[in-house]
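Asks: Data: final.txt, compact mmCIF, C-alpha atoms.
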# COMPACT_ATOMS: atom_id res chain seq x y z
CA MET A 1 -116.26 70.65 -75.16
CA LYS A 2 -112.99 69.08 -74.34
CA LEU A 3 -111.71 69.41 -70.82
CA ASP A 4 -107.97 69.25 -70.48
CA ILE A 5 -106.80 68.75 -66.92
CA ARG A 6 -103.20 69.62 -66.45
CA THR A 7 -101.04 70.12 -63.45
CA SER A 8 -98.67 73.00 -63.29
CA ALA A 9 -95.82 72.85 -60.86
CA ALA A 10 -94.96 75.96 -58.91
CA GLU A 11 -91.26 75.88 -58.22
CA PRO A 12 -90.39 77.45 -54.91
CA ARG A 13 -88.00 80.36 -55.38
CA ARG A 14 -85.69 79.02 -52.72
CA GLN A 15 -85.34 75.63 -51.07
CA ALA A 16 -84.17 76.77 -47.65
CA TYR A 17 -83.42 79.84 -45.56
CA ALA A 18 -80.39 81.86 -46.54
CA TYR A 19 -78.37 80.88 -43.47
CA LEU A 20 -78.76 77.25 -44.54
CA THR A 21 -78.15 77.73 -48.25
CA ARG A 22 -74.87 79.44 -47.33
CA ARG A 23 -73.81 76.16 -45.74
CA PHE A 24 -75.40 73.57 -47.98
CA GLY A 25 -75.94 75.26 -51.35
CA GLU A 26 -79.06 76.52 -53.07
CA ASP A 27 -80.65 73.27 -54.16
CA ARG A 28 -80.84 71.44 -50.91
CA GLN A 29 -83.94 71.43 -48.76
CA ALA A 30 -83.17 71.63 -45.06
CA THR A 31 -84.70 69.52 -42.32
CA ARG A 32 -86.49 71.07 -39.37
CA TYR A 33 -83.59 70.01 -37.17
CA GLU A 34 -81.11 71.89 -39.36
CA GLU A 35 -83.36 74.93 -39.36
CA ALA A 36 -83.55 74.82 -35.56
CA VAL A 37 -79.84 74.38 -34.95
CA PHE A 38 -77.41 75.73 -37.52
CA ASP A 39 -75.79 79.13 -37.03
CA LEU A 40 -78.32 80.41 -34.52
CA GLN A 41 -75.64 81.26 -31.96
CA SER A 42 -74.79 84.96 -31.83
CA THR A 43 -71.25 85.45 -33.03
CA ALA A 44 -70.62 89.19 -33.16
CA ASN A 45 -71.55 92.62 -31.82
CA PHE A 46 -71.60 91.62 -28.18
CA HIS A 47 -70.92 95.19 -27.14
CA TYR A 48 -69.80 95.08 -23.50
CA ARG A 49 -67.96 92.19 -21.96
CA PRO A 50 -69.70 90.70 -18.92
CA VAL A 51 -68.40 92.38 -15.75
CA TRP A 52 -68.18 89.07 -13.92
CA GLN A 53 -65.91 87.52 -16.53
CA SER A 54 -64.29 90.25 -18.52
CA GLU A 55 -61.69 87.96 -20.09
CA PHE A 56 -64.44 86.52 -22.28
CA GLU A 57 -67.01 87.84 -24.69
CA LEU A 58 -70.60 87.02 -23.73
CA TYR A 59 -70.45 83.96 -26.00
CA ASP A 60 -66.89 82.87 -26.51
CA VAL A 61 -65.24 79.82 -28.07
CA LYS A 62 -62.39 80.30 -25.59
CA LYS A 63 -64.53 79.19 -22.66
CA THR A 64 -63.25 75.68 -23.32
CA ALA A 65 -59.81 74.31 -24.19
CA ILE A 66 -61.40 72.22 -26.92
CA VAL A 67 -60.82 73.79 -30.33
CA LEU A 68 -63.10 73.25 -33.30
CA ALA A 69 -63.05 75.12 -36.59
CA ASP A 70 -66.82 74.82 -36.80
CA TRP A 71 -68.89 74.29 -33.65
CA TYR A 72 -71.82 73.01 -35.68
CA VAL A 73 -70.13 69.65 -36.23
CA LEU A 74 -71.31 68.60 -32.77
CA LEU A 75 -74.65 67.45 -34.13
CA ASP A 76 -77.18 65.41 -32.22
CA PRO A 77 -77.70 62.02 -33.92
CA ARG A 78 -81.26 62.03 -32.52
CA GLN A 79 -81.92 65.32 -34.37
CA PHE A 80 -83.77 66.79 -31.40
CA TYR A 81 -85.32 70.20 -31.68
CA TYR A 82 -88.22 71.40 -29.56
CA ALA A 83 -90.95 69.35 -31.24
CA THR A 84 -89.11 66.06 -31.72
CA TYR A 85 -87.73 66.21 -28.18
CA ASN A 86 -91.15 66.79 -26.68
CA ILE A 87 -92.84 64.12 -28.79
CA SER A 88 -90.20 61.61 -27.76
CA ARG A 89 -90.38 62.45 -24.06
CA ALA A 90 -94.18 62.73 -23.98
CA GLY A 91 -94.34 59.12 -25.18
CA LEU A 92 -91.99 57.97 -22.44
CA GLU A 93 -93.83 60.02 -19.83
CA ALA A 94 -97.21 58.55 -20.82
CA ALA A 95 -95.79 55.03 -20.56
CA ASN A 96 -94.26 55.87 -17.17
CA GLY A 97 -97.60 57.22 -15.92
CA LYS A 98 -99.21 53.91 -16.93
CA ALA A 99 -96.49 51.97 -15.13
CA PHE A 100 -97.07 53.96 -11.94
CA GLU A 101 -100.83 53.40 -12.25
CA LEU A 102 -100.44 49.66 -12.64
CA SER A 103 -97.93 49.49 -9.83
CA GLU A 104 -100.33 51.34 -7.56
CA LYS A 105 -103.31 49.21 -8.58
CA LEU A 106 -101.49 45.96 -7.85
CA GLY A 107 -99.53 47.32 -4.89
CA LEU A 108 -96.26 46.31 -6.55
CA LEU A 109 -94.02 48.68 -4.58
CA ALA A 110 -95.38 47.21 -1.33
CA GLU A 111 -93.91 43.88 -2.39
CA LEU A 112 -90.38 45.12 -1.70
CA ALA A 113 -88.70 43.01 0.98
CA ASP A 114 -87.64 44.99 4.06
CA GLY A 115 -83.92 45.09 3.20
CA ALA A 116 -84.65 46.06 -0.39
CA ARG A 117 -87.07 48.77 0.72
CA ALA A 118 -84.38 50.21 2.98
CA ARG A 119 -81.95 50.29 0.02
CA VAL A 120 -84.49 52.11 -2.13
CA LEU A 121 -84.98 54.70 0.60
CA ASP A 122 -81.34 55.26 1.51
CA THR A 123 -79.59 54.71 -1.83
CA ILE A 124 -82.00 55.32 -4.72
CA LEU A 125 -83.99 58.21 -3.21
CA PRO A 126 -80.97 60.49 -2.50
CA MET A 127 -80.10 60.17 -6.20
CA ARG A 128 -82.68 62.88 -6.81
CA HIS A 129 -80.06 65.32 -5.54
CA TYR A 130 -77.44 63.83 -7.85
CA GLU A 131 -79.85 64.16 -10.78
CA TRP A 132 -80.54 67.75 -9.82
CA GLY A 133 -76.77 68.34 -9.82
CA ALA A 134 -76.59 66.90 -13.32
CA ASN A 135 -79.41 69.23 -14.30
CA ARG A 136 -77.36 72.21 -13.06
CA ILE A 137 -74.27 71.08 -14.95
CA LEU A 138 -76.17 70.63 -18.20
CA TRP A 139 -77.79 74.06 -17.90
CA SER A 140 -74.39 75.59 -17.29
CA ILE A 141 -73.09 73.81 -20.41
CA CYS A 142 -76.03 75.32 -22.27
CA ASP A 143 -75.09 78.71 -20.82
CA ARG A 144 -71.34 78.64 -21.41
CA GLY A 145 -71.15 76.33 -24.43
CA TYR A 146 -70.73 77.48 -28.00
CA GLY A 147 -72.95 76.68 -30.95
CA THR A 148 -76.63 75.87 -30.83
CA ALA A 149 -75.90 72.29 -31.93
CA VAL A 150 -74.50 71.42 -28.52
CA THR A 151 -76.22 74.01 -26.32
CA SER A 152 -79.79 73.19 -27.36
CA ALA A 153 -79.16 69.48 -26.89
CA ALA A 154 -77.67 70.25 -23.45
CA ALA A 155 -80.87 72.09 -22.51
CA PHE A 156 -82.94 69.06 -23.47
CA ALA A 157 -80.60 66.80 -21.49
CA ALA A 158 -80.94 69.14 -18.49
CA MET A 159 -84.71 68.74 -18.58
CA ASP A 160 -84.28 64.98 -18.84
CA ARG A 161 -82.30 64.98 -15.63
CA LEU A 162 -84.98 66.95 -13.83
CA GLY A 163 -87.44 64.37 -15.12
CA MET A 164 -85.32 61.58 -13.67
CA ALA A 165 -85.25 63.35 -10.30
CA GLN A 166 -89.04 63.61 -10.46
CA VAL A 167 -89.45 59.90 -11.15
CA ILE A 168 -87.24 59.11 -8.15
CA THR A 169 -89.32 61.48 -6.01
CA LYS A 170 -92.53 59.80 -7.18
CA VAL A 171 -91.15 56.44 -6.07
CA GLY A 172 -90.44 57.94 -2.64
CA LEU A 173 -93.93 59.41 -2.36
CA ALA A 174 -95.46 56.08 -3.39
CA LEU A 175 -93.49 54.38 -0.62
CA ASP A 176 -94.24 56.87 2.17
CA GLY A 177 -97.95 57.24 1.46
CA GLN A 178 -97.55 60.67 -0.19
CA THR A 179 -96.34 62.28 3.03
CA GLY A 180 -92.91 63.28 1.74
CA SER A 181 -91.12 61.84 4.75
CA SER A 182 -88.99 59.56 2.54
CA VAL A 183 -87.78 62.57 0.59
CA GLU A 184 -86.73 64.34 3.77
CA THR A 185 -84.90 61.28 5.05
CA ALA A 186 -83.17 61.00 1.69
CA LYS A 187 -82.04 64.61 1.90
CA LYS A 188 -80.60 63.95 5.35
CA ALA A 189 -78.74 60.94 3.95
CA TRP A 190 -77.39 63.07 1.10
CA LEU A 191 -76.21 65.75 3.54
CA ASP A 192 -74.98 63.65 6.46
CA ALA A 193 -74.67 59.92 5.77
CA PRO A 194 -70.95 59.08 5.44
CA GLU A 195 -71.47 56.83 2.40
CA TRP A 196 -72.94 59.74 0.42
CA GLN A 197 -70.35 62.40 1.19
CA GLY A 198 -67.93 61.35 -1.55
CA VAL A 199 -70.66 61.60 -4.19
CA ARG A 200 -71.95 64.89 -2.80
CA ARG A 201 -68.46 66.36 -2.79
CA LEU A 202 -67.94 65.25 -6.39
CA VAL A 203 -71.24 66.76 -7.50
CA GLU A 204 -70.44 70.03 -5.74
CA ASP A 205 -66.93 70.10 -7.20
CA SER A 206 -68.38 69.58 -10.67
CA PHE A 207 -70.36 72.81 -10.24
CA VAL A 208 -67.15 74.84 -10.29
CA ILE A 209 -65.36 73.29 -13.26
CA ASP A 210 -64.32 76.28 -15.35
CA ASP A 211 -64.15 74.55 -18.70
CA TRP A 212 -67.65 73.62 -19.89
CA PHE A 213 -66.42 70.78 -22.07
CA GLU A 214 -64.58 69.32 -19.10
CA ALA A 215 -67.84 69.52 -17.15
CA PHE A 216 -69.52 67.72 -20.06
CA VAL A 217 -67.05 64.82 -19.87
CA ALA A 218 -67.04 64.76 -16.06
CA GLN A 219 -70.82 64.64 -15.70
CA ASN A 220 -72.05 62.79 -18.74
CA LEU A 221 -69.34 60.23 -19.24
CA ALA A 222 -67.38 59.74 -16.00
CA MET A 223 -69.83 60.42 -13.15
CA ASP A 224 -72.89 58.99 -14.90
CA GLY A 225 -70.91 56.04 -16.23
CA ILE A 226 -70.04 54.99 -12.68
CA ILE A 227 -72.45 56.54 -10.15
CA HIS A 228 -75.69 56.76 -12.09
CA ARG A 229 -75.10 53.37 -13.65
CA PHE A 230 -74.23 51.83 -10.28
CA VAL A 231 -77.52 52.89 -8.76
CA PHE A 232 -79.75 52.17 -11.74
CA ASP A 233 -78.03 49.24 -13.47
CA GLU A 234 -76.36 47.41 -10.59
CA LEU A 235 -78.27 48.20 -7.40
CA ARG A 236 -81.72 48.43 -8.97
CA MET A 237 -81.25 45.11 -10.71
CA ALA A 238 -79.91 43.57 -7.51
CA ILE A 239 -83.09 44.70 -5.74
CA ARG A 240 -85.33 43.24 -8.41
CA PRO A 241 -85.45 39.63 -7.10
CA ALA A 242 -86.40 40.97 -3.64
CA GLY A 243 -89.85 42.11 -4.73
CA GLY A 244 -88.43 44.90 -6.85
CA THR A 245 -90.26 44.20 -10.12
CA GLY A 246 -92.56 47.16 -9.53
CA LEU A 247 -89.61 49.39 -8.78
CA VAL A 248 -87.88 48.38 -12.02
CA MET A 249 -91.07 48.97 -13.95
CA VAL A 250 -91.77 52.48 -12.65
CA THR A 251 -88.15 53.57 -13.02
CA ASP A 252 -87.65 52.04 -16.46
CA ILE A 253 -88.01 55.51 -17.98
CA VAL A 254 -84.67 56.42 -16.36
CA SER A 255 -82.89 53.68 -18.32
CA ASP A 256 -84.66 54.64 -21.55
CA VAL A 257 -83.71 58.30 -21.28
CA PHE A 258 -80.18 57.44 -20.17
CA ALA A 259 -79.66 55.17 -23.20
CA ASP A 260 -81.11 57.84 -25.48
CA GLN A 261 -78.80 60.52 -24.06
CA ALA A 262 -75.79 58.23 -24.41
CA ARG A 263 -76.15 58.37 -28.20
CA TRP A 264 -75.83 62.16 -28.09
CA ILE A 265 -73.02 62.21 -25.52
CA ASP A 266 -70.98 59.64 -27.43
CA ALA A 267 -71.44 61.50 -30.71
CA VAL A 268 -70.33 64.85 -29.24
CA ILE A 269 -67.20 63.41 -27.60
CA LYS A 270 -66.28 61.27 -30.58
CA ILE A 271 -66.50 64.18 -33.01
CA ALA A 272 -64.54 66.53 -30.75
CA ALA A 273 -61.83 63.91 -30.15
CA ALA A 274 -61.49 63.12 -33.84
CA ALA A 275 -61.04 66.80 -34.74
CA SER A 276 -57.47 67.11 -33.46
CA PRO A 277 -54.86 65.25 -31.40
CA GLU A 278 -54.88 68.16 -28.91
CA ASN A 279 -58.61 67.78 -28.33
CA LYS A 280 -58.20 64.07 -27.94
CA GLU A 281 -55.46 64.49 -25.37
CA LYS A 282 -57.51 66.93 -23.31
CA LEU A 283 -60.64 64.79 -23.42
CA ALA A 284 -58.64 61.71 -22.44
CA GLY A 285 -57.09 63.58 -19.51
CA TRP A 286 -60.45 64.84 -18.27
CA PHE A 287 -61.97 61.41 -18.65
CA GLU A 288 -59.19 59.80 -16.65
CA THR A 289 -59.28 62.37 -13.84
CA TRP A 290 -63.03 62.38 -13.38
CA THR A 291 -63.47 58.64 -13.77
CA ALA A 292 -60.93 58.05 -11.00
CA ARG A 293 -62.84 60.48 -8.79
CA ALA A 294 -66.20 58.91 -9.67
CA VAL A 295 -64.90 55.45 -8.75
CA GLU A 296 -63.49 56.80 -5.49
CA ALA A 297 -66.80 58.49 -4.64
CA ALA A 298 -68.96 55.52 -5.62
CA THR A 299 -66.95 52.92 -3.69
CA PRO A 300 -68.25 53.66 -0.15
CA LEU A 301 -71.79 54.07 -1.51
CA ALA A 302 -71.54 50.74 -3.31
CA LYS A 303 -70.18 49.05 -0.22
CA HIS A 304 -73.05 50.39 1.82
CA ALA A 305 -75.64 49.32 -0.74
CA LEU A 306 -74.33 45.99 -1.99
CA GLY A 307 -71.90 44.89 0.71
CA ASP A 308 -69.27 42.41 -0.41
CA ASN A 309 -70.39 42.27 -4.04
CA SER A 310 -69.83 45.97 -4.50
CA GLY A 311 -66.18 45.81 -5.56
CA GLU A 312 -67.05 43.52 -8.41
CA ALA A 313 -69.89 45.79 -9.54
CA ILE A 314 -67.75 48.93 -9.56
CA GLU A 315 -64.99 47.08 -11.40
CA ARG A 316 -67.43 45.92 -14.04
CA LEU A 317 -68.75 49.46 -14.54
CA SER A 318 -65.20 50.85 -14.81
CA ARG A 319 -64.35 48.25 -17.40
CA GLU A 320 -67.47 49.02 -19.43
CA LEU A 321 -66.82 52.74 -19.20
CA SER A 322 -63.22 52.31 -20.38
CA ALA A 323 -64.44 50.24 -23.31
CA ARG A 324 -66.96 52.97 -24.17
CA ALA A 325 -64.26 55.66 -23.96
CA ALA A 326 -61.96 53.56 -26.14
CA LYS A 327 -64.69 53.43 -28.79
CA LEU A 328 -64.93 57.21 -28.63
CA GLY A 329 -61.19 57.44 -29.19
CA ILE A 330 -60.27 58.97 -25.82
CA ALA A 331 -58.86 55.93 -24.00
CA GLU A 332 -56.59 53.04 -24.78
CA VAL A 333 -58.40 49.87 -25.69
CA ALA A 334 -58.56 47.79 -22.50
CA SER A 335 -56.45 44.68 -22.75
CA MET B 1 -84.72 44.59 -74.44
CA SER B 2 -84.44 47.24 -71.80
CA ILE B 3 -85.10 46.38 -68.20
CA GLN B 4 -88.55 47.33 -67.08
CA ASN B 5 -88.70 50.00 -64.40
CA VAL B 6 -89.99 49.47 -60.91
CA SER B 7 -91.41 52.54 -59.28
CA ILE B 8 -92.44 54.01 -55.97
CA THR B 9 -94.37 57.22 -55.44
CA LEU B 10 -94.27 59.05 -52.13
CA ASN B 11 -95.77 62.17 -50.61
CA ALA B 12 -93.47 65.14 -51.02
CA SER B 13 -93.51 65.90 -47.29
CA GLY B 14 -91.01 66.52 -44.56
CA ASP B 15 -91.68 63.02 -43.24
CA ALA B 16 -90.82 61.41 -46.56
CA ARG B 17 -87.66 63.42 -47.17
CA PRO B 18 -85.27 61.17 -45.23
CA LEU B 19 -86.90 58.27 -47.03
CA VAL B 20 -86.22 59.79 -50.43
CA GLU B 21 -82.65 60.58 -49.44
CA ALA B 22 -82.10 57.01 -48.25
CA ILE B 23 -83.50 55.64 -51.51
CA ARG B 24 -81.30 58.01 -53.48
CA ALA B 25 -78.21 56.81 -51.60
CA ASP B 26 -79.04 53.10 -51.81
CA ASN B 27 -80.15 53.06 -55.45
CA PRO B 28 -77.64 54.80 -57.69
CA THR B 29 -79.62 53.91 -60.83
CA ALA B 30 -82.87 55.46 -59.60
CA THR B 31 -84.26 58.59 -61.19
CA ILE B 32 -86.17 60.88 -58.88
CA ALA B 33 -88.90 63.12 -60.24
CA ASN B 34 -90.18 65.90 -58.01
CA LEU B 35 -93.78 66.44 -59.13
CA PRO B 36 -96.36 68.68 -57.50
CA SER B 37 -96.81 67.23 -53.98
CA VAL B 38 -95.46 63.82 -54.92
CA VAL B 39 -92.03 62.33 -55.50
CA LYS B 40 -91.90 59.56 -58.10
CA ILE B 41 -88.87 57.34 -58.07
CA ASP B 42 -88.14 54.94 -60.95
CA ALA B 43 -85.37 52.40 -61.09
CA PRO B 44 -84.54 49.80 -63.71
CA GLY B 45 -85.39 46.30 -62.44
CA ARG B 46 -84.91 46.72 -58.71
CA LEU B 47 -85.31 49.30 -55.96
CA VAL B 48 -84.52 48.85 -52.30
CA VAL B 49 -85.57 50.80 -49.20
CA LYS B 50 -83.30 49.97 -46.29
CA ALA B 51 -84.63 50.61 -42.78
CA GLU B 52 -81.12 51.22 -41.52
CA SER B 53 -80.43 53.98 -44.06
CA VAL B 54 -83.69 55.74 -43.23
CA SER B 55 -83.11 55.41 -39.46
CA GLU B 56 -79.67 56.94 -39.86
CA ARG B 57 -81.06 59.99 -41.65
CA LEU B 58 -84.07 60.30 -39.38
CA GLY B 59 -82.10 60.02 -36.13
CA ARG B 60 -84.36 57.34 -34.68
CA THR B 61 -85.35 53.77 -35.31
CA TRP B 62 -87.55 53.65 -38.36
CA ASP B 63 -89.93 50.74 -38.78
CA ILE B 64 -90.34 49.63 -42.36
CA GLN B 65 -94.13 49.74 -41.86
CA GLU B 66 -93.87 53.52 -41.55
CA LEU B 67 -93.28 53.52 -45.28
CA HIS B 68 -97.04 53.26 -45.71
CA LEU B 69 -97.59 56.65 -44.08
CA SER B 70 -95.87 58.27 -47.04
CA LEU B 71 -96.69 55.78 -49.76
CA ILE B 72 -98.95 56.75 -52.67
CA SER B 73 -98.28 54.08 -55.26
CA ILE B 74 -95.87 51.36 -56.26
CA SER B 75 -95.22 49.13 -59.23
CA GLY B 76 -93.20 45.95 -58.98
CA ASN B 77 -93.29 42.81 -56.90
CA ILE B 78 -92.73 43.39 -53.23
CA ASP B 79 -90.32 41.50 -51.02
CA GLN B 80 -90.33 42.89 -47.51
CA ASP B 81 -88.72 41.88 -44.25
CA ASP B 82 -87.76 43.80 -41.11
CA ASP B 83 -84.69 45.35 -42.72
CA GLU B 84 -85.57 45.92 -46.34
CA PHE B 85 -88.43 46.69 -48.68
CA VAL B 86 -87.52 45.55 -52.18
CA LEU B 87 -89.37 46.18 -55.42
CA SER B 88 -88.44 44.07 -58.43
CA TRP B 89 -89.83 42.33 -61.51
CA GLY B 90 -89.64 38.63 -62.17
CA ALA B 91 -88.85 35.68 -59.98
CA LYS B 92 -87.01 36.27 -56.76
CA SER B 93 -83.39 35.38 -57.31
Take the structure in this file and express it as structure tokens.
Replies:
Amino acid sequence: MKLDIRTSAAEPRRQAYAYLTRRFGEDRQATRYEEAVFDLQSTANFHYRPVWQSEFELYDVKKTAIVLADWYVLLDPRQFYYATYNISRAGLEAANGKAFELSEKLGLLAELADGARARVLDTILPMRHYEWGANRILWSICDRGYGTAVTSAAAFAAMDRLGMAQVITKVGLALDGQTGSSVETAKKAWLDAPEWQGVRRLVEDSFVIDDWFEAFVAQNLAMDGIIHRFVFDELRMAIRPAGGTGLVMVTDIVSDVFADQARWIDAVIKIAAAASPENKEKLAGWFETWTARAVEAATPLAKHALGDNSGEAIERLSRELSARAAKLGIAEVAS
Amino acid sequence: MSIQNVSITLNASGDARPLVEAIRADNPTATIANLPSVVKIDAPGRLVVKAESVSERLGRTWDIQELHLSLISISGNIDQDDDEFVLSWGAKS
């Protein structure tokens, strides 16, 4: 008897879901990211307008002055959907847990010199409130934004910011022997210390920006580019030689997540700016306004934290932020 | 005499898809055969897998060693560094 082994290929009837084949054609398989993002936003049959904002539909492209023919051009270069986002962050979180463990075992945070320890308590710890503010802004972008491409990524970014706030809190608890007293002192500093009031005012003002894309630029590019970067890139690194190696190690996750988010933020702004000269003009205006305010708010904080070197640090951050904005096409190239 | 083909065979999986697309873009002479559960790619003389092209499609940094997670079979001499995985026949030029 002769045995003839053959394979027979079963051709799938369709390569992708209909909502994707309408965009990309019949023959193209879609990625999980595309399945999780494209055209999921409700676009019609909203029935009643919301009573609190009757000039808009429930989901409305007019909630921002930015105009795009297709809101699904604002894709995330990291291609985050639920699974990829969680896998990425779970890896970082596991590494951060290890860093905290090692720091505790060796008593690394106790090595902070007195002055440096005071800076951690009065300048890094209150940043948990700033991060929470960023979390609010990103959720509101998710709420008011248009198109799942940008709103789902904003939700992930919002969770990232809550994660950053948690890391900062964990540092505080490690320093105060898990009593929570450092966190309470930090809240008092945030509410009452004169050097923090500019930043607090800016964060609170950002909560009431009407245009969600303006809030996106204000928070993610301007405020983070100056304030967040001052605390984590300038101050934290200045603390490092004063017994701050442990601090840098346990807060390294903040830099990793920040760098990862920057790829998304830059992509969104670059694409929106390239779409039309009107968009570009608006984005440039927002960037200028909010960067000026961020510099103004960060200056007293920087002076408090770094003393005489603070002017130089803020100047360097402004320069780097302008160069970044120039790359995105929303600022003149710095001479 | 026609140039002998080099060939690479990969799992037909979601993980390998960006890889196949990168190979398609970087090797215009390659022919791609979708077989049951495998993708066989033939190219006359030379075929290159560029880490940068795959990373771009995948949305994250892709290490060239990850190729092995999807790899079933290859034919050709291998020249691999951090940026490229090259299959070819004959002496390295």
Asks: What are the nearest atom pairs, with distances in Å to one decimal, for all residues of chain A that come at most 9 Å from chain B, using all atoms listed in the file, set out by chain and rising residue number as JSON lines?
Replies:
{"residue": "A:Thr7", "atom": "CA", "partner": "B:Pro36", "partner_atom": "CA", "distance": 7.7}
{"residue": "A:Ser8", "atom": "CA", "partner": "B:Pro36", "partner_atom": "CA", "distance": 7.6}
{"residue": "A:Ala9", "atom": "CA", "partner": "B:Pro36", "partner_atom": "CA", "distance": 5.4}
{"residue": "A:Ala10", "atom": "CA", "partner": "B:Pro36", "partner_atom": "CA", "distance": 7.5}
{"residue": "A:Glu11", "atom": "CA", "partner": "B:Pro36", "partner_atom": "CA", "distance": 8.9}
{"residue": "A:Gln29", "atom": "CA", "partner": "B:Arg17", "partner_atom": "CA", "distance": 9.0}
{"residue": "A:Thr31", "atom": "CA", "partner": "B:Gly14", "partner_atom": "CA", "distance": 7.3}
{"residue": "A:Arg32", "atom": "CA", "partner": "B:Gly14", "partner_atom": "CA", "distance": 8.3}
{"residue": "A:Asp76", "atom": "CA", "partner": "B:Gly59", "partner_atom": "CA", "distance": 8.3}
{"residue": "A:Pro77", "atom": "CA", "partner": "B:Gly59", "partner_atom": "CA", "distance": 5.3}
{"residue": "A:Arg78", "atom": "CA", "partner": "B:Gly59", "partner_atom": "CA", "distance": 4.2}
{"residue": "A:Gln79", "atom": "CA", "partner": "B:Gly59", "partner_atom": "CA", "distance": 5.6}
{"residue": "A:Phe80", "atom": "CA", "partner": "B:Gly59", "partner_atom": "CA", "distance": 8.4}
Asks: Can you pull out the residues contacting Ile78 (chain B)? Cut-off 9 Å, using all atoms listed in the file, and skip same-chain residues under 4 positions away; I want them as a PyMOL selection string.
Replies: chain B and resi 85-89
Asks: Which neighbours of Asn45 (chain A) fall inside 12 Å, counting all atoms listed in the file, when residues of the same chain fewer than 6 positions from it are skipped, and could you give them as a list in words?
Replies: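 Here the qualifying residues turn out to be Glu57, Leu58 and Tyr59 of chain A.
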Asks: Pick the closest to Leu69 (chain B) from B:Ala12, B:Ala25, B:Ile32, B:Ile3: which is it, counting only C-alpha atoms?
Replies: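 Nearest to Leu69 (chain B): B:Ala12.
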Asks: Identify which of the residues B:Asn77, B:Gln65, B:Ser2, B:Ser7 lies closest to Ile23 (chain B), counting all atoms listed in the file when measuring atom-to-atom distances.
Replies: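 Closest candidate: B:Ser7.
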Asks: Between CA of Leu125 (chain A) and CA of Leu175 (chain A), what distance in Å does the model show, to one decimal?
Replies: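 Interatomic distance here is 10.6 Å.
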Asks: Tell me, in Å to one decimal, how far CA of Glu111 (chain A) is from CA of Asp176 (chain A).
Replies: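 Taking CA of Glu111 (chain A) and CA of Asp176 (chain A), their separation equals 13.8 Å.
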Asks: How many Å separate CA of Ile226 (chain A) from CA of Lys188 (chain A)?
Replies: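 Separating CA of Ile226 (chain A) from CA of Lys188 (chain A) is a distance of 22.7 Å.
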Asks: Please list as a list of chain:residue names every residue within 10 Å of Gln41 (chain A), counting all atoms listed in the file and excluding residues in the same chain fewer than 2 positions away.
Replies: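 Residues meeting the cut-off are A:Val37, A:Phe38, A:Asp39, A:Thr43, A:Ala44, A:Tyr59, A:Trp71, A:Tyr72, A:Tyr146, A:Gly147, A:Thr148, A:Ala149, A:Thr151.
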Asks: Near Leu67 (chain B), within 10 Å and counting only C-alpha atoms, which residues show up once chain neighbours fewer than 2 positions away are dropped, as a PyMOL selection string?
Replies: chain B and resi 10+15-16+19+49+51+62-65+69-72+85
Asks: Do you know which residues lie at most 10 Å from (-97.8, 56.9, -57.8), with coordinates as in the file and all atoms listed in the file counted, and could you write them as a PyMOL selection string?
Replies: chain B and resi 7-11+38-41+71-75
Asks: Anything within 9 Å of (-82.4, 51.8, -60.0): list those residues as a PDB file with C-alpha atoms, in the frame of the given file, counting all atoms listed in the file and sticking to the file's coordinates.
Replies:
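Final file, selection-v7.pdb:
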ATOM      1  CA  ASN B   5     -88.700  50.000 -64.400  1.00  0.00           C
ATOM      2  CA  VAL B   6     -89.990  49.470 -60.910  1.00  0.00           C
ATOM      3  CA  ASP B  26     -79.040  53.100 -51.810  1.00  0.00           C
ATOM      4  CA  ASN B  27     -80.150  53.060 -55.450  1.00  0.00           C
ATOM      5  CA  PRO B  28     -77.640  54.800 -57.690  1.00  0.00           C
ATOM      6  CA  THR B  29     -79.620  53.910 -60.830  1.00  0.00           C
ATOM      7  CA  ALA B  30     -82.870  55.460 -59.600  1.00  0.00           C
ATOM      8  CA  THR B  31     -84.260  58.590 -61.190  1.00  0.00           C
ATOM      9  CA  ILE B  41     -88.870  57.340 -58.070  1.00  0.00           C
ATOM     10  CA  ASP B  42     -88.140  54.940 -60.950  1.00  0.00           C
ATOM     11  CA  ALA B  43     -85.370  52.400 -61.090  1.00  0.00           C
ATOM     12  CA  PRO B  44     -84.540  49.800 -63.710  1.00  0.00           C
ATOM     13  CA  GLY B  45     -85.390  46.300 -62.440  1.00  0.00           C
ATOM     14  CA  ARG B  46     -84.910  46.720 -58.710  1.00  0.00           C
ATOM     15  CA  LEU B  47     -85.310  49.300 -55.960  1.00  0.00           C
ATOM     16  CA  VAL B  48     -84.520  48.850 -52.300  1.00  0.00           C
TER      17      VAL B  48
END
Asks: Which one of A:Gly329, A:Gly285, A:Gly97, A:Gly107 sits closest to Val250 (chain A) if you count only C-alpha atoms?
Replies: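 Of all the options, A:Gly97 lies closest to Val250 (chain A).
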Asks: Neighbours of Asp252 (chain A) within 10 Å (all atoms listed in the file; same-chain residues fewer than 5 positions away dropped), as JSON, numbers by chain?
Replies: {"A": [92, 95, 96, 99, 167, 232, 246, 247, 257, 258]}
Asks: Under the rule that only C-alpha atoms are counted, which of A:Lys270, A:Arg263, A:Lys2, A:Arg136 is the nearest residue to Glu204 (chain A)?
Replies: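 Using only C-alpha atoms, Glu204 (chain A) sits closest to A:Arg136.
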Asks: Using all atoms listed in the file, which residue out of A:Phe213, A:Arg200, A:Met164, A:Leu74 lies closest to Lys62 (chain A)?
Replies: A:Phe213
